Amino acid sequence: MNAITATDLTKRFGDFVAVDRLTFEVGQGEVFGFLGSNGAGKSTTIRMLCGLLKPTSGSAKVGGADVSRDPEGVKRRIGYMSQRFSLYEQLTVDQNIRFFGGIYGLDRERVEARRRFVLDMAGLHGREHTRAADLAGGWRQRLALGCAILHEPPIVFLDEPTGGVDPLSRREFWGLIDRLSASGVTVLVTTHYLDEAEHCHRLAIIHRGLLAALGTTDELKRLFGDRAIVEVHAANPVETMRLLDRMPGIEKTSVFGTSVHAVLKDDPRHSAPALKKRLEAAGVAVTSIDVVQPSLEDVFLEVVERAGH
Amino acid sequence: MRKMMAVARKEFRQIWRDTRTLMTLLFVPAFFLLLYGYALNFDIRHVGLAVDDRDRTMESRALIAAFVNSGYFDLVASVDAAGTTRLMNRNDVGAALVIPSGLGRAVRTAGPAAVQVLLNGDNANTATTVMGYALTIIRSESARYRPATAPSAPLVSAEPRVWYNPALRSTLFLVPGLIAYIAMITAVVSTALSIVREKERGTMEQVRMAPLDAASFVAGKTVPYFVVSLVSALGIIVVAMALFGMPMRGSWLLLLVALSLFLAGALGLGLLISSVADTQQVAFQAALLVSFLPTLMLSGFIFPISSMPRFLQLVTYAVPARYFLIALRGVVLKGVGLEALGRELAALAAFALAVLALASVRLRREWS
């Protein structure tokens with residue numbers, strides 16, 4: 001049975017359609033990513049799936065419970081952590097854990113067992129009496145995750161869980177998510193970090209409330225079909241991009257940090273050297289020019305473009 | 001129940017941890033009481049007095065001495081008519097006594113005599129009170145000169161005696177009002193802020209994701225504030241007794257019942273605000289508006305309800321402090337019991353029930 005099923009899930013706020021007929025399924029133990037820019041409708045979807053917001057139309061089942069008819073049943077089956085790591089800042093690590101244990105209705109022994117688990121998982125031994133406000137971002141994030149899964153929910157929702165956290169902590173955090181998934185917990189995570197999205201088993205790209213694409217990262221990358229992507233490293237990326245845009249056979253370009261990606265209209269793999277010559281003829285010092293695999297960022301831009309701005 | 005206790009325990013810890021809140025709840029009230037208790041005093045003493053003595057006899061000097069010895073007046077200067085105006089304009093004096101020449105002779109021959117009392121009317125309340133003092137002094141002085149042959153007293157004389165506060169000390173009247181006022185503000189503000197703070201910081205959303213019903217959450221948040229407000233209110237009552245000589249003539253139990261009902265209403269009001277406001281700033285202002293002004297103006301704390309316009313009188317029925325003040329003054333000053341205060345307690349209970357019910361409906365709607 002699927003852990004999450006959404007069918008034509010829709011949320012309107014007045015005239016604004018925040019989430020538009022989303023349909024997808026998430027299998028048990030899967031790490032399912034929601035990718036989209038800010039305001040795309042990711043958080044609204046999560047809030048509906050958690051039973052916090054009533055869908056305008058459509059339906060969704062989470063752990064077998066219907067989000068409209070049985071939001072309390074949904075809440076018993078899920079853990080939720082938001083980008084704000086909503087802990088009580090004046091309380092200590094221990095007090096936070098005990099509070100959340102209390103409101104989940106865990107008995108004393110269970111709270112004690114889970115407390116040790118969370119301290120282990122988050123590496124917070126020796127910091128039990130530190131106030132949450134005094135913890136660095138990474139610790140707080142892991143403590144927030146620990147509090148969210150204190151009652152061992154089979155399904156966990158993470159709404160932009162890595163905002164404002166250093167790269168090392170982010171990597172560790174994804175390690176934790178992998179472990180959760182390996183133990184059979186279903187994880188639905190939203191992010192706008194494309195590098196993180198690679199950790200997800202499957203990805204849904206949401207654009208303007210619509211499901212613009214859905215699949216594994218490999219499946220999504222096949223969207224480009226035969227068209228090749230050429231990565232150009234040159235002294236002046238912006239100028240290089242402008243020149244490339246004017247050349248024939250190039251569908252579109254975008255700047256990727258210090259390099260430029262150009263999507264070619266067909267698959268003239270041999271044309272990379274030709275492109276280099278033309279750029280150099282125009283006075284650009286080209287460091288390297290290679291045909292590359294599409295990155296998730298290429299995919300994301302492609303999908304968003306197809307969906308229409 | 002266990003979930004509610006978890007919320008309550010957390011809230012107690014937060015209050016304890018948050019020094020600012022704790023200070024606001026426990027010490028600011030007592031500090032307010034000291035400040036207002038000493039500053040808010042309607043008794044008037046040491047009124048500056050100018051004297052324009054045109055008689056200069058033994059009798060005129062005796063009258064001036066009577067003014068000064070009363071303790072209400074301080075002799076600032078002996079002046080002429082122009083000097084009086086100048087001193088009055090500069091607020092150096094609040095009253096002037098003009099004794100026309102011929103007073104001494106008139107008194108000795110039992111003829112009619114008049115003295116003039118000029119009052120600084122820029123503060124009407126003070127002027128009225130000072131006039132009362134002056135008339136009393138002059139009347140008692142004039143009684144000394146009454147010839148032995150004249151009838152010693154009017155046929156019907158009044159012998160006033162003021163019950164419960166024989167010396168008419170305004171502190172005894174004001175301190176109960178201050179207690180109501182302070183308890184109301186701290187209870188409403190702290191409750192409203194505590195919930196809105198959770199909304200602002202996102203912890204509310206986190207807690208809503210747990211299988212926790214609105215009732216446990218709200219009850220768990222209210223109980224600690226109820227306890228702390230009760231302790232704080234009892235604290236200011238004790239301070240009032242120790243420093244302002246407020247008596248305690250009635251039953252502590254009855255006082256506790258009245259106080260609990262009053263605080264329950266105040267907490268309900270705080271919850272109601274928290275269900276409407278989304279930021280602490282809005283909540284704070286709303287809390288001040290519904291607690292501060294009505295309790296100060298419309299409760300009978302300072303301004304008597306019976307002299308308000310009809311419309312405002314109707315409004316006062318919805319101000320819980322109105323009933324609590326009657327109950328508090330009744331218990332501490334009069335020592336009356338349930339037989340005299342049943343109506344007030346019922347009104348307080350009704351108010352508490354109404355706001356708590358309204359707040360829980362609103363909060364539950366917001367919760368799910």
# chains A, B, ... in the order shown; residues from 1 in each chain; ligands from 1

$ residues_around --residues "Phe256 (chain A)" --least-positions-apart "2" --cutoff "12 Å" --atoms "only C-alpha atoms" --output "PDB file with all heavy atoms, in the first residue's frame"
ATOM      1  N   VAL A 230      26.104  21.714 -23.710  1.00  0.00           N
ATOM      2  CA  VAL A 230      27.514  22.046 -23.797  1.00  0.00           C
ATOM      3  C   VAL A 230      27.853  23.018 -22.681  1.00  0.00           C
ATOM      4  O   VAL A 230      27.142  23.996 -22.470  1.00  0.00           O
ATOM      5  CB  VAL A 230      27.828  22.686 -25.174  1.00  0.00           C
ATOM      6  CG1 VAL A 230      29.257  23.212 -25.193  1.00  0.00           C
ATOM      7  CG2 VAL A 230      27.598  21.682 -26.272  1.00  0.00           C
ATOM      8  N   GLU A 231      28.901  22.680 -21.945  1.00  0.00           N
ATOM      9  CA  GLU A 231      29.317  23.561 -20.856  1.00  0.00           C
ATOM     10  C   GLU A 231      30.558  24.318 -21.270  1.00  0.00           C
ATOM     11  O   GLU A 231      31.547  23.713 -21.672  1.00  0.00           O
ATOM     12  CB  GLU A 231      29.605  22.724 -19.612  1.00  0.00           C
ATOM     13  CG  GLU A 231      29.907  23.562 -18.378  1.00  0.00           C
ATOM     14  CD  GLU A 231      30.095  22.685 -17.147  1.00  0.00           C
ATOM     15  OE1 GLU A 231      31.171  22.075 -17.028  1.00  0.00           O
ATOM     16  OE2 GLU A 231      29.165  22.602 -16.334  1.00  0.00           O
ATOM     17  N   VAL A 232      30.476  25.631 -21.201  1.00  0.00           N
ATOM     18  CA  VAL A 232      31.591  26.462 -21.642  1.00  0.00           C
ATOM     19  C   VAL A 232      32.177  27.211 -20.450  1.00  0.00           C
ATOM     20  O   VAL A 232      31.450  27.863 -19.701  1.00  0.00           O
ATOM     21  CB  VAL A 232      31.120  27.500 -22.688  1.00  0.00           C
ATOM     22  CG1 VAL A 232      32.316  28.306 -23.201  1.00  0.00           C
ATOM     23  CG2 VAL A 232      30.383  26.827 -23.826  1.00  0.00           C
ATOM     24  N   HIS A 233      33.465  27.040 -20.236  1.00  0.00           N
ATOM     25  CA  HIS A 233      34.173  27.870 -19.250  1.00  0.00           C
ATOM     26  C   HIS A 233      34.934  28.931 -19.997  1.00  0.00           C
ATOM     27  O   HIS A 233      35.725  28.619 -20.867  1.00  0.00           O
ATOM     28  CB  HIS A 233      35.148  27.027 -18.423  1.00  0.00           C
ATOM     29  CG  HIS A 233      34.473  26.238 -17.355  1.00  0.00           C
ATOM     30  ND1 HIS A 233      34.180  26.745 -16.122  1.00  0.00           N
ATOM     31  CD2 HIS A 233      33.987  24.967 -17.355  1.00  0.00           C
ATOM     32  CE1 HIS A 233      33.567  25.837 -15.387  1.00  0.00           C
ATOM     33  NE2 HIS A 233      33.437  24.743 -16.124  1.00  0.00           N
ATOM     34  N   ALA A 234      34.655  30.177 -19.654  1.00  0.00           N
ATOM     35  CA  ALA A 234      35.343  31.266 -20.353  1.00  0.00           C
ATOM     36  C   ALA A 234      35.516  32.432 -19.390  1.00  0.00           C
ATOM     37  O   ALA A 234      34.923  32.455 -18.308  1.00  0.00           O
ATOM     38  CB  ALA A 234      34.536  31.689 -21.577  1.00  0.00           C
ATOM     39  N   PRO A 237      31.581  35.007 -18.488  1.00  0.00           N
ATOM     40  CA  PRO A 237      30.420  34.145 -18.745  1.00  0.00           C
ATOM     41  C   PRO A 237      29.229  34.898 -19.354  1.00  0.00           C
ATOM     42  O   PRO A 237      28.573  34.388 -20.271  1.00  0.00           O
ATOM     43  CB  PRO A 237      30.054  33.604 -17.365  1.00  0.00           C
ATOM     44  CG  PRO A 237      31.218  33.866 -16.486  1.00  0.00           C
ATOM     45  CD  PRO A 237      31.970  35.006 -17.072  1.00  0.00           C
ATOM     46  N   VAL A 238      28.978  36.099 -18.859  1.00  0.00           N
ATOM     47  CA  VAL A 238      27.789  36.812 -19.333  1.00  0.00           C
ATOM     48  C   VAL A 238      27.933  37.183 -20.805  1.00  0.00           C
ATOM     49  O   VAL A 238      27.019  36.997 -21.619  1.00  0.00           O
ATOM     50  CB  VAL A 238      27.531  38.069 -18.463  1.00  0.00           C
ATOM     51  CG1 VAL A 238      26.323  38.834 -18.979  1.00  0.00           C
ATOM     52  CG2 VAL A 238      27.324  37.667 -17.000  1.00  0.00           C
ATOM     53  N   MET A 241      27.613  34.128 -22.920  1.00  0.00           N
ATOM     54  CA  MET A 241      26.226  33.721 -23.087  1.00  0.00           C
ATOM     55  C   MET A 241      25.555  34.561 -24.167  1.00  0.00           C
ATOM     56  O   MET A 241      24.832  34.047 -25.017  1.00  0.00           O
ATOM     57  CB  MET A 241      25.491  33.897 -21.745  1.00  0.00           C
ATOM     58  CG  MET A 241      24.078  33.347 -21.774  1.00  0.00           C
ATOM     59  SD  MET A 241      23.322  33.434 -20.156  1.00  0.00           S
ATOM     60  CE  MET A 241      22.755  35.110 -20.174  1.00  0.00           C
ATOM     61  N   THR A 253      20.450  29.313 -23.448  1.00  0.00           N
ATOM     62  CA  THR A 253      21.666  29.317 -22.629  1.00  0.00           C
ATOM     63  C   THR A 253      21.307  29.738 -21.210  1.00  0.00           C
ATOM     64  O   THR A 253      20.271  30.377 -20.974  1.00  0.00           O
ATOM     65  CB  THR A 253      22.678  30.334 -23.164  1.00  0.00           C
ATOM     66  OG1 THR A 253      22.009  31.588 -23.254  1.00  0.00           O
ATOM     67  CG2 THR A 253      23.230  29.937 -24.508  1.00  0.00           C
ATOM     68  N   SER A 254      22.148  29.350 -20.285  1.00  0.00           N
ATOM     69  CA  SER A 254      21.979  29.863 -18.925  1.00  0.00           C
ATOM     70  C   SER A 254      23.333  29.853 -18.230  1.00  0.00           C
ATOM     71  O   SER A 254      24.199  29.039 -18.535  1.00  0.00           O
ATOM     72  CB  SER A 254      20.965  29.030 -18.151  1.00  0.00           C
ATOM     73  OG  SER A 254      21.172  27.655 -18.382  1.00  0.00           O
ATOM     74  N   THR A 258      30.354  29.989 -12.771  1.00  0.00           N
ATOM     75  CA  THR A 258      31.353  30.613 -13.658  1.00  0.00           C
ATOM     76  C   THR A 258      31.285  30.063 -15.069  1.00  0.00           C
ATOM     77  O   THR A 258      32.053  30.461 -15.925  1.00  0.00           O
ATOM     78  CB  THR A 258      32.775  30.383 -13.120  1.00  0.00           C
ATOM     79  OG1 THR A 258      32.962  28.975 -12.987  1.00  0.00           O
ATOM     80  CG2 THR A 258      32.956  31.039 -11.765  1.00  0.00           C
ATOM     81  N   SER A 259      30.353  29.103 -15.299  1.00  0.00           N
ATOM     82  CA  SER A 259      30.293  28.525 -16.638  1.00  0.00           C
ATOM     83  C   SER A 259      28.947  28.834 -17.291  1.00  0.00           C
ATOM     84  O   SER A 259      28.037  29.354 -16.656  1.00  0.00           O
ATOM     85  CB  SER A 259      30.491  27.011 -16.561  1.00  0.00           C
ATOM     86  OG  SER A 259      29.385  26.429 -15.918  1.00  0.00           O
ATOM     87  N   VAL A 260      28.865  28.521 -18.569  1.00  0.00           N
ATOM     88  CA  VAL A 260      27.636  28.748 -19.316  1.00  0.00           C
ATOM     89  C   VAL A 260      27.170  27.411 -19.875  1.00  0.00           C
ATOM     90  O   VAL A 260      27.973  26.637 -20.401  1.00  0.00           O
ATOM     91  CB  VAL A 260      27.864  29.738 -20.469  1.00  0.00           C
ATOM     92  CG1 VAL A 260      26.588  29.909 -21.291  1.00  0.00           C
ATOM     93  CG2 VAL A 260      28.340  31.081 -19.939  1.00  0.00           C
ATOM     94  N   HIS A 261      25.898  27.085 -19.678  1.00  0.00           N
ATOM     95  CA  HIS A 261      25.330  25.904 -20.306  1.00  0.00           C
ATOM     96  C   HIS A 261      24.536  26.319 -21.534  1.00  0.00           C
ATOM     97  O   HIS A 261      23.697  27.206 -21.455  1.00  0.00           O
ATOM     98  CB  HIS A 261      24.390  25.155 -19.340  1.00  0.00           C
ATOM     99  CG  HIS A 261      25.127  24.271 -18.385  1.00  0.00           C
ATOM    100  ND1 HIS A 261      24.510  23.255 -17.705  1.00  0.00           N
ATOM    101  CD2 HIS A 261      26.427  24.248 -17.996  1.00  0.00           C
ATOM    102  CE1 HIS A 261      25.397  22.632 -16.932  1.00  0.00           C
ATOM    103  NE2 HIS A 261      26.563  23.243 -17.093  1.00  0.00           N
ATOM    104  N   ALA A 262      24.811  25.646 -22.653  1.00  0.00           N
ATOM    105  CA  ALA A 262      24.034  25.919 -23.858  1.00  0.00           C
ATOM    106  C   ALA A 262      23.340  24.629 -24.282  1.00  0.00           C
ATOM    107  O   ALA A 262      23.977  23.579 -24.365  1.00  0.00           O
ATOM    108  CB  ALA A 262      24.939  26.417 -24.962  1.00  0.00           C
ATOM    109  N   PRO A 294      22.972  16.468 -18.448  1.00  0.00           N
ATOM    110  CA  PRO A 294      22.153  17.516 -17.838  1.00  0.00           C
ATOM    111  C   PRO A 294      22.178  17.405 -16.319  1.00  0.00           C
ATOM    112  O   PRO A 294      22.100  16.298 -15.778  1.00  0.00           O
ATOM    113  CB  PRO A 294      20.748  17.264 -18.392  1.00  0.00           C
ATOM    114  CG  PRO A 294      20.786  15.939 -19.064  1.00  0.00           C
ATOM    115  CD  PRO A 294      22.199  15.557 -19.301  1.00  0.00           C
ATOM    116  N   SER A 295      22.327  18.541 -15.639  1.00  0.00           N
ATOM    117  CA  SER A 295      22.235  18.536 -14.181  1.00  0.00           C
ATOM    118  C   SER A 295      20.776  18.753 -13.807  1.00  0.00           C
ATOM    119  O   SER A 295      19.941  19.079 -14.656  1.00  0.00           O
ATOM    120  CB  SER A 295      23.083  19.661 -13.605  1.00  0.00           C
ATOM    121  OG  SER A 295      22.470  20.894 -13.916  1.00  0.00           O
ATOM    122  N   LEU A 296      20.461  18.588 -12.527  1.00  0.00           N
ATOM    123  CA  LEU A 296      19.082  18.826 -12.086  1.00  0.00           C
ATOM    124  C   LEU A 296      18.657  20.260 -12.347  1.00  0.00           C
ATOM    125  O   LEU A 296      17.499  20.543 -12.609  1.00  0.00           O
ATOM    126  CB  LEU A 296      18.945  18.535 -10.594  1.00  0.00           C
ATOM    127  CG  LEU A 296      18.253  17.223 -10.246  1.00  0.00           C
ATOM    128  CD1 LEU A 296      18.107  17.090  -8.765  1.00  0.00           C
ATOM    129  CD2 LEU A 296      16.892  17.117 -10.916  1.00  0.00           C
ATOM    130  N   GLU A 297      19.643  21.138 -12.289  1.00  0.00           N
ATOM    131  CA  GLU A 297      19.312  22.532 -12.528  1.00  0.00           C
ATOM    132  C   GLU A 297      18.860  22.732 -13.978  1.00  0.00           C
ATOM    133  O   GLU A 297      17.901  23.452 -14.252  1.00  0.00           O
ATOM    134  CB  GLU A 297      20.524  23.411 -12.213  1.00  0.00           C
ATOM    135  CG  GLU A 297      20.151  24.846 -11.951  1.00  0.00           C
ATOM    136  CD  GLU A 297      21.257  25.599 -11.238  1.00  0.00           C
ATOM    137  OE1 GLU A 297      22.138  24.941 -10.639  1.00  0.00           O
ATOM    138  OE2 GLU A 297      21.229  26.824 -11.281  1.00  0.00           O
ATOM    139  N   ASP A 298      19.573  22.051 -14.901  1.00  0.00           N
ATOM    140  CA  ASP A 298      19.145  22.093 -16.306  1.00  0.00           C
ATOM    141  C   ASP A 298      17.723  21.577 -16.429  1.00  0.00           C
ATOM    142  O   ASP A 298      16.877  22.157 -17.110  1.00  0.00           O
ATOM    143  CB  ASP A 298      20.054  21.218 -17.173  1.00  0.00           C
ATOM    144  CG  ASP A 298      21.442  21.811 -17.313  1.00  0.00           C
ATOM    145  OD1 ASP A 298      21.523  23.010 -17.643  1.00  0.00           O
ATOM    146  OD2 ASP A 298      22.428  21.085 -17.084  1.00  0.00           O
ATOM    147  N   LEU A 301      15.138  24.060 -14.955  1.00  0.00           N
ATOM    148  CA  LEU A 301      14.890  25.202 -15.838  1.00  0.00           C
ATOM    149  C   LEU A 301      14.069  24.784 -17.054  1.00  0.00           C
ATOM    150  O   LEU A 301      13.147  25.479 -17.483  1.00  0.00           O
ATOM    151  CB  LEU A 301      16.216  25.830 -16.278  1.00  0.00           C
ATOM    152  CG  LEU A 301      16.990  26.508 -15.151  1.00  0.00           C
ATOM    153  CD1 LEU A 301      18.369  26.947 -15.635  1.00  0.00           C
ATOM    154  CD2 LEU A 301      16.216  27.701 -14.609  1.00  0.00           C
TER     155      LEU A 301
END

$ residues_around --residues "Ala30 (chain B)" --least-positions-apart "2" --cutoff "9 Å" --atoms "only C-alpha atoms" --output "list in words"
Leu26, Phe27, Val28, Phe32, Leu33, Leu34, Leu35, Ile182, Ser232, Ala233, Gly235, Ile236, Val239 and Ala240 of chain B

$ write_last_selection --atoms "N, CA, C and O atoms" --output "short mmCIF file (atom, residue, chain, number, x, y, z; two decimals), in the first residue's frame"
data_model
loop_
_atom_site.label_atom_id
_atom_site.label_comp_id
_atom_site.auth_asym_id
_atom_site.auth_seq_id
_atom_site.Cartn_x
_atom_site.Cartn_y
_atom_site.Cartn_z
N LEU B 26 5.49 39.27 38.34
CA LEU B 26 5.57 39.26 39.80
C LEU B 26 5.94 40.60 40.42
O LEU B 26 5.39 40.99 41.43
N PHE B 27 6.88 41.30 39.80
CA PHE B 27 7.38 42.49 40.48
C PHE B 27 6.77 43.78 39.98
O PHE B 27 6.53 44.69 40.75
N VAL B 28 6.54 43.85 38.69
CA VAL B 28 5.96 45.09 38.16
C VAL B 28 4.64 45.43 38.86
O VAL B 28 4.41 46.57 39.21
N PHE B 32 4.06 48.91 40.64
CA PHE B 32 2.94 49.78 40.24
C PHE B 32 2.17 50.23 41.47
O PHE B 32 1.80 51.39 41.60
N LEU B 33 1.94 49.28 42.34
CA LEU B 33 1.14 49.58 43.51
C LEU B 33 1.83 50.66 44.34
O LEU B 33 1.21 51.61 44.80
N LEU B 34 3.15 50.51 44.51
CA LEU B 34 3.90 51.50 45.28
C LEU B 34 3.80 52.87 44.62
O LEU B 34 3.48 53.87 45.24
N LEU B 35 4.03 52.85 43.30
CA LEU B 35 4.06 54.09 42.56
C LEU B 35 2.70 54.80 42.63
O LEU B 35 2.59 55.95 43.05
N ILE B 182 -4.22 46.36 38.29
CA ILE B 182 -2.93 45.71 38.03
C ILE B 182 -3.13 44.23 37.68
O ILE B 182 -2.54 43.71 36.73
N SER B 232 0.55 36.67 42.14
CA SER B 232 0.91 38.07 42.00
C SER B 232 -0.15 38.98 42.63
O SER B 232 0.17 39.94 43.33
N ALA B 233 -1.42 38.66 42.40
CA ALA B 233 -2.50 39.49 42.95
C ALA B 233 -2.52 39.40 44.47
O ALA B 233 -2.67 40.42 45.17
N GLY B 235 0.02 38.83 46.25
CA GLY B 235 1.19 39.60 46.64
C GLY B 235 0.88 41.08 46.79
O GLY B 235 1.23 41.70 47.80
N ILE B 236 0.16 41.63 45.80
CA ILE B 236 -0.10 43.08 45.94
C ILE B 236 -1.10 43.34 47.04
O ILE B 236 -1.05 44.38 47.69
N VAL B 239 1.04 43.50 50.07
CA VAL B 239 1.78 44.76 50.07
C VAL B 239 0.86 45.91 50.47
O VAL B 239 1.23 46.79 51.27
N ALA B 240 -0.35 45.89 49.94
CA ALA B 240 -1.30 46.96 50.26
C ALA B 240 -1.61 46.98 51.74
O ALA B 240 -1.77 48.04 52.35
#

$ residues_around --residues "Gly308 (chain A)" --least-positions-apart "6" --cutoff "10 Å" --atoms "only C-alpha atoms" --output "PDB file with N, CA and C atoms, in the first residue's frame"
ATOM      1  N   HIS A 207       5.377  23.767 -10.172  1.00  0.00           N
ATOM      2  CA  HIS A 207       5.506  25.132 -10.682  1.00  0.00           C
ATOM      3  C   HIS A 207       4.127  25.767 -10.752  1.00  0.00           C
ATOM      4  N   ARG A 208       3.969  26.879 -10.079  1.00  0.00           N
ATOM      5  CA  ARG A 208       2.697  27.593 -10.022  1.00  0.00           C
ATOM      6  C   ARG A 208       1.539  26.670  -9.645  1.00  0.00           C
ATOM      7  N   ALA A 212       4.646  19.840 -12.534  1.00  0.00           N
ATOM      8  CA  ALA A 212       5.241  20.057 -13.851  1.00  0.00           C
ATOM      9  C   ALA A 212       6.005  18.839 -14.336  1.00  0.00           C
ATOM     10  N   GLU A 302      14.413  23.596 -17.570  1.00  0.00           N
ATOM     11  CA  GLU A 302      13.702  23.085 -18.738  1.00  0.00           C
ATOM     12  C   GLU A 302      12.211  22.871 -18.419  1.00  0.00           C
TER      13      GLU A 302
END

$ closest_residue --among "B:Ala110, B:Met209, B:Ala183, B:Ala192" --to "chain A" --atoms "only C-alpha atoms"
B:Met209

$ residues_around --residues "Asn2 (chain A)" --least-positions-apart "5" --cutoff "10 Å" --atoms "only C-alpha atoms" --output "ChimeraX atom specification"
/A:25-30,61-64,186

$ interface_residues --of "chain A" --to "chain B" --cutoff "6 Å" --atoms "only C-alpha atoms" --output "number ranges by chain"
A: 75-76, 86, 99, 102-103, 105
